[in-house]
Structure formats: structure tokens, C-alpha cells
>>> print(open('protein_21.txt').read())   # compact mmCIF, C-alpha atoms
# COMPACT_ATOMS: atom_id res chain seq x y z
CA MET A 1 0.00 0.00 0.00
CA LYS A 2 2.89 2.33 0.96
CA VAL A 3 4.65 1.52 -2.33
CA MET A 4 1.44 2.30 -4.26
CA LYS A 5 1.05 5.66 -2.47
CA LYS A 6 4.69 6.46 -3.21
CA ASN A 7 4.13 5.61 -6.91
CA VAL A 8 1.05 7.86 -7.05
CA ILE A 9 3.00 10.76 -5.46
CA ILE A 10 5.91 10.26 -7.90
CA THR A 11 3.51 10.17 -10.88
CA VAL A 12 1.74 13.36 -9.74
CA LEU A 13 5.09 15.12 -9.20
CA LEU A 14 6.31 13.93 -12.62
CA THR A 15 3.12 15.21 -14.27
CA CYS A 16 3.61 18.60 -12.58
CA CYS A 17 7.27 18.72 -13.71
CA ILE A 18 6.26 17.84 -17.30
CA SER A 19 3.58 20.56 -17.22
CA VAL A 20 6.15 23.12 -16.06
CA ALA A 21 8.72 21.96 -18.61
CA PHE A 22 6.31 21.92 -21.56
CA GLY A 23 4.01 24.82 -20.57
CA GLN A 24 0.23 24.63 -20.90
CA LYS A 25 -0.95 21.39 -22.45
CA TYR A 26 -4.17 20.53 -24.26
CA LEU A 27 -5.62 17.03 -24.23
CA THR A 28 -8.41 15.01 -25.79
CA ARG A 29 -9.47 11.40 -25.43
CA THR A 30 -12.20 11.73 -28.05
CA GLY A 31 -10.43 13.22 -31.05
CA GLN A 32 -11.71 12.34 -34.50
CA ILE A 33 -9.83 10.95 -37.49
CA THR A 34 -11.62 9.80 -40.64
CA PHE A 35 -10.27 8.24 -43.76
CA PHE A 36 -11.73 8.11 -47.21
CA SER A 37 -10.86 5.85 -50.10
CA SER A 38 -12.34 6.76 -53.46
CA THR A 39 -12.28 4.60 -56.60
CA PRO A 40 -14.67 4.41 -59.58
CA LEU A 41 -15.95 1.10 -58.16
CA GLU A 42 -16.48 2.03 -54.52
CA ASN A 43 -16.08 4.75 -51.88
CA ILE A 44 -15.05 3.58 -48.42
CA GLU A 45 -15.14 5.74 -45.31
CA ALA A 46 -14.21 4.97 -41.72
CA ARG A 47 -14.37 7.11 -38.59
CA ASN A 48 -12.56 6.95 -35.28
CA ASN A 49 -13.83 8.97 -32.30
CA GLU A 50 -11.34 7.54 -29.81
CA VAL A 51 -8.18 9.37 -30.82
CA ALA A 52 -5.96 10.58 -27.98
CA ALA A 53 -4.02 13.77 -28.63
CA ILE A 54 -1.79 16.15 -26.71
CA VAL A 55 -0.60 19.56 -27.89
CA SER A 56 1.72 21.72 -25.80
CA GLN A 57 2.27 25.45 -26.12
CA GLN A 58 5.93 24.55 -26.78
CA GLY A 59 4.72 23.10 -30.08
CA ASP A 60 4.86 19.39 -29.28
CA ILE A 61 2.08 17.33 -30.85
CA VAL A 62 1.19 13.68 -30.19
CA PHE A 63 -1.68 11.73 -31.75
CA GLN A 64 -2.60 8.10 -31.03
CA ALA A 65 -5.33 6.38 -33.06
CA PRO A 66 -6.40 2.88 -31.94
CA ILE A 67 -6.91 0.92 -35.17
CA LYS A 68 -9.71 -1.28 -33.81
CA SER A 69 -11.72 1.88 -33.08
CA PHE A 70 -12.14 2.78 -36.77
CA LYS A 71 -15.82 2.16 -37.55
CA PHE A 72 -17.12 1.23 -40.99
CA GLN A 73 -20.64 1.11 -42.28
CA LYS A 74 -20.16 -2.56 -43.19
CA GLU A 75 -18.86 -5.15 -40.70
CA LEU A 76 -17.18 -7.04 -43.56
CA MET A 77 -15.11 -3.94 -44.46
CA GLN A 78 -14.17 -3.46 -40.80
CA GLU A 79 -13.02 -7.09 -40.56
CA HIS A 80 -10.93 -6.88 -43.75
CA PHE A 81 -9.43 -3.56 -42.61
CA ASN A 82 -8.37 -5.00 -39.24
CA GLU A 83 -7.41 -8.52 -40.18
CA GLU A 84 -5.97 -8.24 -43.69
CA TYR A 85 -4.78 -4.69 -44.35
CA MET A 86 -3.85 -3.05 -41.04
CA GLU A 87 -3.18 -6.28 -39.07
CA SER A 88 -4.47 -4.53 -35.96
CA ASP A 89 -3.69 -7.47 -33.64
CA LYS A 90 -0.01 -6.94 -34.46
CA TYR A 91 -0.06 -3.14 -34.91
CA PRO A 92 -2.87 -1.89 -32.60
CA LYS A 93 -2.34 1.84 -33.07
CA ALA A 94 -1.19 4.48 -35.52
CA ASP A 95 0.59 7.44 -34.01
CA PHE A 96 2.20 10.73 -34.83
CA LYS A 97 4.83 12.56 -32.79
CA GLY A 98 6.03 15.91 -34.02
CA LYS A 99 6.34 19.65 -33.62
CA ILE A 100 4.72 22.78 -35.00
CA ASP A 101 7.34 24.29 -37.33
CA ASN A 102 6.00 27.84 -37.28
CA LEU A 103 5.16 28.00 -33.56
CA SER A 104 5.89 31.75 -33.41
CA SER A 105 2.87 32.41 -35.64
CA VAL A 106 0.48 30.82 -33.09
CA ASN A 107 -0.70 32.91 -30.16
CA PHE A 108 -2.28 30.48 -27.70
CA SER A 109 -3.60 33.33 -25.57
CA LYS A 110 -5.53 34.95 -28.43
CA ASP A 111 -8.62 33.41 -30.05
CA GLY A 112 -8.25 32.90 -33.79
CA ASN A 113 -7.41 30.60 -36.69
CA TYR A 114 -3.74 29.89 -37.25
CA ASN A 115 -2.21 28.10 -40.24
CA VAL A 116 0.51 25.72 -39.13
CA LYS A 117 2.96 23.29 -40.60
CA VAL A 118 3.65 20.20 -38.54
CA THR A 119 6.68 17.96 -38.98
CA GLY A 120 7.31 14.65 -37.29
CA LYS A 121 7.18 10.88 -37.44
CA LEU A 122 4.02 9.08 -38.53
CA THR A 123 3.80 5.38 -37.67
CA ILE A 124 1.19 3.23 -39.40
CA HIS A 125 1.21 -0.57 -39.68
CA GLY A 126 4.55 -0.65 -37.84
CA VAL A 127 6.26 1.54 -40.46
CA THR A 128 7.56 4.97 -39.40
CA LYS A 129 7.99 7.79 -41.93
CA ASP A 130 9.07 11.42 -41.62
CA VAL A 131 6.14 13.60 -42.67
CA SER A 132 5.44 17.30 -42.93
CA GLU A 133 1.82 18.39 -43.36
CA PRO A 134 -0.13 21.66 -43.27
CA GLY A 135 -3.02 22.20 -40.88
CA THR A 136 -4.91 24.75 -38.85
CA ILE A 137 -5.18 25.39 -35.14
CA ILE A 138 -8.31 27.20 -34.00
CA ILE A 139 -8.01 28.73 -30.56
CA LYS A 140 -11.20 29.50 -28.66
CA GLY A 141 -10.88 30.11 -24.94
CA ASN A 142 -9.48 27.03 -23.22
CA ASP A 143 -10.09 24.79 -26.25
CA ILE A 144 -8.06 24.34 -29.39
CA THR A 145 -9.17 22.53 -32.55
CA VAL A 146 -6.53 20.88 -34.71
CA ASN A 147 -7.51 20.27 -38.35
CA SER A 148 -5.48 18.68 -41.09
CA LYS A 149 -6.13 16.80 -44.30
CA PHE A 150 -3.43 14.76 -46.00
CA SER A 151 -2.92 11.65 -48.12
CA VAL A 152 -1.31 8.38 -47.13
CA ALA A 153 -0.02 6.01 -49.79
CA THR A 154 -0.71 2.42 -48.70
CA VAL A 155 2.50 1.19 -50.33
CA ASP A 156 4.59 3.57 -48.14
CA TYR A 157 3.38 1.78 -45.02
CA ASN A 158 3.65 -1.73 -46.39
CA ILE A 159 -0.14 -2.17 -46.45
CA LYS A 160 -0.79 -4.93 -48.95
CA ILE A 161 -4.02 -4.84 -50.94
CA PRO A 162 -4.89 -8.15 -52.66
CA ALA A 163 -5.12 -7.94 -56.47
CA LEU A 164 -8.83 -8.87 -56.29
CA MET A 165 -9.53 -5.74 -54.19
CA ALA A 166 -7.12 -3.40 -55.96
CA GLY A 167 -9.87 -1.72 -57.98
CA LYS A 168 -11.97 -1.06 -54.88
CA ILE A 169 -9.35 0.46 -52.58
CA ALA A 170 -7.50 3.66 -53.50
CA LYS A 171 -3.71 3.60 -53.57
CA SER A 172 -3.75 6.91 -51.75
CA ILE A 173 -6.08 7.27 -48.74
CA GLU A 174 -7.34 10.70 -47.69
CA VAL A 175 -6.96 11.22 -43.92
CA THR A 176 -8.84 13.99 -42.10
CA VAL A 177 -7.88 15.00 -38.57
CA ASN A 178 -10.41 16.99 -36.54
CA CYS A 179 -9.58 17.01 -32.84
CA ILE A 180 -10.92 19.39 -30.18
CA LEU A 181 -8.54 19.53 -27.23
CA SER A 182 -9.14 21.17 -23.85
CA ALA A 183 -6.56 22.83 -21.61
CA VAL A 184 -5.28 20.47 -18.92
CA LYS A 185 -6.06 21.99 -15.53
CA MET B 1 -26.61 -34.40 -69.04
CA ILE B 2 -26.73 -30.74 -70.11
CA LYS B 3 -29.84 -30.23 -67.98
CA LYS B 4 -28.04 -31.69 -64.93
CA LEU B 5 -25.01 -29.48 -65.58
CA LEU B 6 -27.20 -26.38 -65.90
CA LEU B 7 -29.04 -27.29 -62.70
CA PHE B 8 -25.71 -27.74 -60.90
CA ILE B 9 -24.46 -24.32 -62.13
CA ILE B 10 -27.71 -22.64 -61.05
CA ILE B 11 -27.53 -24.21 -57.57
CA VAL B 12 -23.85 -23.22 -57.14
CA ALA B 13 -24.61 -19.66 -58.32
CA ALA B 14 -27.62 -19.39 -55.98
CA VAL B 15 -25.66 -20.67 -52.95
CA GLY B 16 -22.68 -18.43 -53.81
CA GLY B 17 -24.93 -15.41 -54.27
CA THR B 18 -26.72 -16.04 -50.97
CA VAL B 19 -23.41 -16.38 -49.08
CA ALA B 20 -22.07 -13.19 -50.73
CA ILE B 21 -25.23 -11.22 -49.82
CA TYR B 22 -25.08 -12.54 -46.24
CA LEU B 23 -21.41 -11.57 -45.84
CA TRP B 24 -21.96 -8.12 -47.40
CA ASN B 25 -24.87 -7.40 -45.05
CA LYS B 26 -23.41 -9.13 -42.00
CA PRO B 27 -24.35 -7.04 -38.94
CA HIS B 28 -21.74 -5.51 -36.64
CA LYS B 29 -20.76 -7.65 -33.66
CA LYS B 30 -22.75 -6.88 -30.54
CA VAL B 31 -21.05 -7.17 -27.18
CA GLU B 32 -24.28 -8.52 -25.64
CA ASP B 33 -23.87 -11.65 -27.79
CA THR B 34 -20.31 -12.22 -26.58
CA SER B 35 -19.13 -13.78 -23.33
CA ALA B 36 -17.00 -11.32 -21.37
CA ILE B 37 -14.23 -11.40 -18.77
CA PRO B 38 -15.43 -9.78 -15.52
CA ILE B 39 -12.86 -7.47 -13.90
CA THR B 40 -12.72 -4.32 -11.77
CA ALA B 41 -11.44 -1.04 -13.23
CA ASN B 42 -8.58 -0.98 -10.69
CA ALA B 43 -7.47 -4.53 -11.51
CA LEU B 44 -7.63 -3.89 -15.26
CA CYS B 45 -5.51 -0.75 -14.98
CA LYS B 46 -3.02 -2.51 -12.70
CA ALA B 47 -2.66 -5.35 -15.23
CA PHE B 48 -1.53 -2.82 -17.86
CA SER B 49 0.61 -0.80 -15.42
CA ASP B 50 2.44 -3.99 -14.39
CA ASN B 51 3.00 -5.34 -17.90
CA LYS B 52 1.20 -3.74 -20.83
CA THR B 53 2.46 -6.32 -23.35
CA ASN B 54 1.16 -9.29 -21.36
CA ALA B 55 -2.14 -7.55 -20.58
CA GLY B 56 -2.56 -6.49 -24.23
CA THR B 57 -2.10 -10.10 -25.34
CA LEU B 58 -4.45 -11.42 -22.64
CA TYR B 59 -7.33 -9.10 -23.57
CA LEU B 60 -6.78 -8.93 -27.35
CA ASN B 61 -10.10 -9.34 -29.20
CA LYS B 62 -11.89 -10.07 -25.92
CA ALA B 63 -15.02 -8.55 -24.45
CA LEU B 64 -14.61 -7.22 -20.90
CA GLU B 65 -17.17 -6.53 -18.19
CA VAL B 66 -15.61 -3.79 -16.10
CA THR B 67 -16.97 -2.57 -12.77
CA GLY B 68 -15.87 0.77 -11.37
CA GLU B 69 -16.74 4.29 -10.24
CA VAL B 70 -17.70 6.83 -12.91
CA MET B 71 -15.03 9.56 -13.00
CA ASP B 72 -16.56 11.55 -15.85
CA VAL B 73 -18.93 11.32 -18.80
CA ASN B 74 -17.80 13.04 -22.01
CA THR B 75 -19.56 13.60 -25.31
CA ASN B 76 -17.45 12.85 -28.35
CA GLN B 77 -17.45 14.92 -31.55
CA ASP B 78 -20.18 12.75 -33.09
CA GLY B 79 -22.45 13.16 -30.06
CA GLY B 80 -21.64 9.71 -28.65
CA LYS B 81 -21.02 9.13 -24.95
CA MET B 82 -17.68 8.14 -23.43
CA ILE B 83 -17.64 7.06 -19.79
CA LEU B 84 -14.40 7.25 -17.80
CA LEU B 85 -13.96 4.88 -14.87
CA LYS B 86 -11.60 5.63 -11.98
CA THR B 87 -8.70 3.25 -11.59
CA GLY B 88 -6.69 4.48 -8.60
CA ASP B 89 -4.07 5.77 -11.06
CA PRO B 90 -3.88 9.59 -11.28
CA ILE B 91 -3.53 9.61 -15.09
CA LEU B 92 -4.81 6.36 -16.57
CA ALA B 93 -8.54 5.63 -16.72
CA ILE B 94 -10.79 3.00 -18.27
CA GLN B 95 -12.29 4.77 -21.26
CA CYS B 96 -15.57 3.26 -22.48
CA THR B 97 -17.13 4.53 -25.71
CA CYS B 98 -20.81 3.60 -25.61
CA ARG B 99 -22.73 2.29 -28.60
CA GLU B 100 -25.96 4.03 -27.60
CA ARG B 101 -26.16 7.81 -27.27
CA ASN B 102 -28.91 8.03 -24.66
CA ILE B 103 -26.81 7.12 -21.65
CA ASN B 104 -27.82 8.58 -18.33
CA VAL B 105 -25.21 8.02 -15.67
CA GLY B 106 -23.69 10.42 -13.15
CA LYS B 107 -20.24 10.92 -11.68
CA GLY B 108 -19.50 8.82 -8.60
CA LYS B 109 -21.93 6.05 -9.49
CA ILE B 110 -20.66 2.45 -9.44
CA VAL B 111 -21.42 0.86 -12.81
CA THR B 112 -20.62 -2.26 -14.80
CA ILE B 113 -19.82 -1.69 -18.47
CA LYS B 114 -19.43 -4.37 -21.10
CA GLY B 115 -17.34 -3.61 -24.18
CA PHE B 116 -14.69 -4.84 -26.59
CA TYR B 117 -11.06 -4.17 -25.66
CA SER B 118 -9.57 -1.85 -28.29
CA ASP B 119 -6.16 -0.64 -27.11
CA PHE B 120 -4.03 0.68 -24.27
CA SER B 121 -2.64 4.22 -24.41
CA ASP B 122 0.10 5.64 -22.17
CA ILE B 123 -1.74 8.97 -22.47
CA THR B 124 -5.27 7.95 -21.58
CA GLY B 125 -5.46 4.35 -20.32
CA VAL B 126 -7.45 1.29 -21.38
CA LEU B 127 -9.89 1.76 -24.25
CA LEU B 128 -13.11 -0.21 -24.59
CA THR B 129 -15.30 0.29 -27.65
CA ASP B 130 -18.95 -0.47 -28.61
CA CYS B 131 -19.83 -0.57 -24.90
CA VAL B 132 -23.17 -1.08 -23.18
CA LEU B 133 -24.15 -0.36 -19.59
CA LYS B 134 -25.25 -3.42 -17.67
>>> encode(input="protein_21.txt", output="C-alpha cells")
Amino acid sequence: MKVMKKNVIITVLLTCCISVAFGQKYLTRTGQITFFSSTPLENIEARNNEVAAIVSQQGDIVFQAPIKSFKFQKELMQEHFNEEYMESDKYPKADFKGKIDNLSSVNFSKDGNYNVKVTGKLTIHGVTKDVSEPGTIIIKGNDITVNSKFSVATVDYNIKIPALMAGKIAKSIEVTVNCILSAVK
Amino acid sequence: MIKKLLLFIIIVAAVGGTVAIYLWNKPHKKVEDTSAIPITANALCKAFSDNKTNAGTLYLNKALEVTGEVMDVNTNQDGGKMILLKTGDPILAIQCTCRERNINVGKGKIVTIKGFYSDFSDITGVLLTDCVLK
């Protein structure tokens, strides 16, 4: 019991130290990422409302998307996505860790829309790539909204699409990030 | 002979078509139809704190029935409800995204939630998806 209390105190102290070191942080457990695949044969869309994200005023950005939480209209699509393409048992999450390049153009204490460029490492299907994508940060009171839209080539992340399905799944998937984060008190 | 062959082809096509239609329209899995592992929120969190790899393997593709105290109820960006259960850990919680939107549960209440294990996050804790309140 004493050891557990000690661990809790250490964790709280560590959290406080991290907050001081990284300034104000914003967090969400319910961020949203959608993806869209468009081919002449079929459009496929999936949505994930369980994305965890942290943004610090020092410009650090972390996103974690649990793969099994992407929801499809059809169960069959969801099964194929998890079992055959993303192998979610083996690679349960996709994540991004990076920084805002033009941090000086964002004023976290003033409401407004700020265009940003974010650079970092995107890991999908166990493959990590350096990426740099544009986005916007909307600041409104204690909340910030991070928006970005970019494309992911399946071949870059070693996602194999069977020849039979090649005409139904786009080689480049459109990913839309829309996460509302609240200031951590 | 030709008649028999035609009949055979028609039967195979009909069976194949029926199977294809069934698979295409197969309903999403419901957690109510799945047997679940009963566990407390504290014990589940401790399992991941002690060894997240072992716990992740143990609960992979399993349904869990987690009992704990409601820490908070959030609404996600699609209007769905996400219930957080206390775990005794200051940072990590059990995060349960509910299938139904009309959930009425208050902070501090002891509840049992059944859902599919989705993932563990160092940021937020244990994620359960497609959950229902018991």
C-alpha cells in the first residue's frame, strides 16, 4: 500500500514537472480521425472517435489512433481492414509525434485561426515515416481545434491490398484530422 | 446431361450469391452476444501498469465486463457518450465509448460496463469500444 502511495505521489510530481517543462498542455481522449478511399468502383469511409491527442504550447504534438476503433458502415469492411490490411492485432495503433514548425505564428492566448505546418514521425502498420503536413489550429478560450487533411499512400506503409480488391481500394487514402482539445487543468 | 449441368451451375450460383449477400450485409458484432471477462477497473488498470504487453495479449479481441466508479462522462465529436472509470491511477482511466447515445449516468456512481477491448494508451489508459451499460 505504501509503495502504491509512493508511486502515485511520484507520478503526480512527474506530471507537474512535465507541465512546467512543456508549458500549458491541451488534451483530448475523443479526437476524430476519418479516412476516405475513393475509386470508380467504390467509396469507403471509416471514422474513429477515440483518438488521444496532446498539444503543448511549446509546439509538441502527439496523436494516437487505436486501429480497432475505426468504424465502418459494413462489418465485412471493418473485418478486412483490421485482419488483412492493417493487421491490428499486431499493430494496434497508428501514431504521430512531431512539432509545430512555425510555432511563433500561433498565439495560444488569443482566439483565432492559425495556419501551421507540422513535422514529425508518422507510424502506421509498424512503419515509421518522416512527414510534414499543413493544418490549422483554431483557438477558442481554453479549447483548441486541430484540423489537417493529407494523403497516405498504402505502399509507403507496407499495407498490402490483394489484387482482387485493388480496384476497390485507392492507392492513396485521404486522412482527415479533426480534434478538439481542452486545456489540462 | 446438359440439364443436370445447368441445374448444378444454377444451384452453385444461388448458394454463392446467398453467401455473398449474407457476408456483405453481415451485422456488426454486438457485445451482448459475446461472453465477457469480468474485472474491476482498478485490476484492469493494474494489469496494464504492471506489464502492458502481457495484458494487451491477454485481452486482445476479448469482451470485458468492467466494474468501477464513474469519474466523468464526455460527449465525443459525433455526439456519442464516453464514460471514464476511476482506476486508482492519477492519469490512466478505463475509457468506455458507448454504442448508444442516450446514456444517463452520473459521476461517482458504481457501474458495470461491457465492451470490446480496443487498445491501451500511455496517455489515456485502457480503451473499450462499442460498450453497453449493464
>>> closest_atom_pairs(input="protein_21.txt", of="region 138-180 of chain A", to="region 25-45 of chain A", cutoff="10 Å", atoms="all atoms listed in the file", output="Markdown table")
| residue | atom | partner | partner_atom | distance |
| --- | --- | --- | --- | --- |
| A:Asn142 | CA | A:Tyr26 | CA | 8.5 |
| A:Asp143 | CA | A:Tyr26 | CA | 7.6 |
| A:Ile144 | CA | A:Tyr26 | CA | 7.5 |
| A:Thr145 | CA | A:Gly31 | CA | 9.5 |
| A:Val146 | CA | A:Gly31 | CA | 9.3 |
| A:Asn147 | CA | A:Ile33 | CA | 9.6 |
| A:Ser148 | CA | A:Ile33 | CA | 9.6 |
| A:Lys149 | CA | A:Phe35 | CA | 9.5 |
| A:Phe150 | CA | A:Phe35 | CA | 9.7 |
| A:Ser151 | CA | A:Phe35 | CA | 9.2 |
| A:Val152 | CA | A:Phe35 | CA | 9.6 |
| A:Ala166 | CA | A:Thr39 | CA | 9.5 |
| A:Gly167 | CA | A:Leu41 | CA | 6.7 |
| A:Lys168 | CA | A:Glu42 | CA | 5.5 |
| A:Ile169 | CA | A:Ser37 | CA | 6.1 |
| A:Ala170 | CA | A:Ser37 | CA | 5.3 |
| A:Lys171 | CA | A:Ser37 | CA | 8.3 |
| A:Ser172 | CA | A:Ser37 | CA | 7.4 |
| A:Ile173 | CA | A:Ser37 | CA | 5.2 |
| A:Glu174 | CA | A:Phe36 | CA | 5.1 |
| A:Val175 | CA | A:Phe35 | CA | 4.5 |
| A:Thr176 | CA | A:Thr34 | CA | 5.2 |
| A:Val177 | CA | A:Ile33 | CA | 4.6 |
| A:Asn178 | CA | A:Gln32 | CA | 5.2 |
| A:Cys179 | CA | A:Gly31 | CA | 4.3 |
| A:Ile180 | CA | A:Gly31 | CA | 6.3 |
>>> residues_around(input="protein_21.txt", residues="region 53-70 of chain A", least_positions_apart="2", cutoff="7 Å", atoms="only C-alpha atoms", output="JSON list (two decimals) with C-alpha atoms, in the coordinates of the input")
[["chain", "number", "residue", "atom", "x", "y", "z"],
["A", 22, "PHE", "CA", 6.31, 21.92, -21.56],
["A", 23, "GLY", "CA", 4.01, 24.82, -20.57],
["A", 24, "GLN", "CA", 0.23, 24.63, -20.90],
["A", 25, "LYS", "CA", -0.95, 21.39, -22.45],
["A", 26, "TYR", "CA", -4.17, 20.53, -24.26],
["A", 27, "LEU", "CA", -5.62, 17.03, -24.23],
["A", 28, "THR", "CA", -8.41, 15.01, -25.79],
["A", 29, "ARG", "CA", -9.47, 11.40, -25.43],
["A", 31, "GLY", "CA", -10.43, 13.22, -31.05],
["A", 46, "ALA", "CA", -14.21, 4.97, -41.72],
["A", 47, "ARG", "CA", -14.37, 7.11, -38.59],
["A", 48, "ASN", "CA", -12.56, 6.95, -35.28],
["A", 50, "GLU", "CA", -11.34, 7.54, -29.81],
["A", 51, "VAL", "CA", -8.18, 9.37, -30.82],
["A", 72, "PHE", "CA", -17.12, 1.23, -40.99],
["A", 82, "ASN", "CA", -8.37, -5.00, -39.24],
["A", 88, "SER", "CA", -4.47, -4.53, -35.96],
["A", 92, "PRO", "CA", -2.87, -1.89, -32.60],
["A", 93, "LYS", "CA", -2.34, 1.84, -33.07],
["A", 94, "ALA", "CA", -1.19, 4.48, -35.52],
["A", 95, "ASP", "CA", 0.59, 7.44, -34.01],
["A", 96, "PHE", "CA", 2.20, 10.73, -34.83],
["A", 97, "LYS", "CA", 4.83, 12.56, -32.79],
["A", 98, "GLY", "CA", 6.03, 15.91, -34.02],
["A", 99, "LYS", "CA", 6.34, 19.65, -33.62],
["A", 100, "ILE", "CA", 4.72, 22.78, -35.00],
["A", 103, "LEU", "CA", 5.16, 28.00, -33.56],
["A", 108, "PHE", "CA", -2.28, 30.48, -27.70],
["B", 118, "SER", "CA", -9.57, -1.85, -28.29],
["B", 119, "ASP", "CA", -6.16, -0.64, -27.11],
["B", 129, "THR", "CA", -15.30, 0.29, -27.65]]
>>> closest_residue(input="protein_21.txt", among="B:Leu92, B:Ile113, B:Leu7, B:Ile2", to="chain A", atoms="only C-alpha atoms")
B:Leu92
>>> atom_distance(input="protein_21.txt", atom1="CA of Asp122 (chain B)", atom2="CA of Ala47 (chain B)")
13.3 Å
>>> closest_residue(input="protein_21.txt", among="B:Thr112, B:Ser35, B:Thr87, B:Thr75", to="chain A", atoms="only C-alpha atoms")
B:Thr75
>>> closest_residue(input="protein_21.txt", among="B:Asn25, B:Asn42, B:Thr67, B:Asn54", to="chain A", atoms="only C-alpha atoms")
B:Asn25
>>> atom_distance(input="protein_21.txt", atom1="CA of Pro90 (chain B)", atom2="CA of Gly120 (chain A)")
28.8 Å
>>> atom_distance(input="protein_21.txt", atom1="CA of Leu181 (chain A)", atom2="CA of Asp111 (chain A)")
14.2 Å
>>> residues_around(input="protein_21.txt", residues="Val126 (chain B)", least_positions_apart="4", cutoff="6 Å", atoms="all atoms listed in the file", output="MDAnalysis selection string")
chainID B and resid 94:95 120
>>> interface_residues(input="protein_21.txt", of="chain B", to="chain A", cutoff="9 Å", atoms="all atoms listed in the file", output="PyMOL selection string")
chain B and resi 23-29+57+60-61+74-78+80+82+88-91+95+97+117-121+123-124+127-130
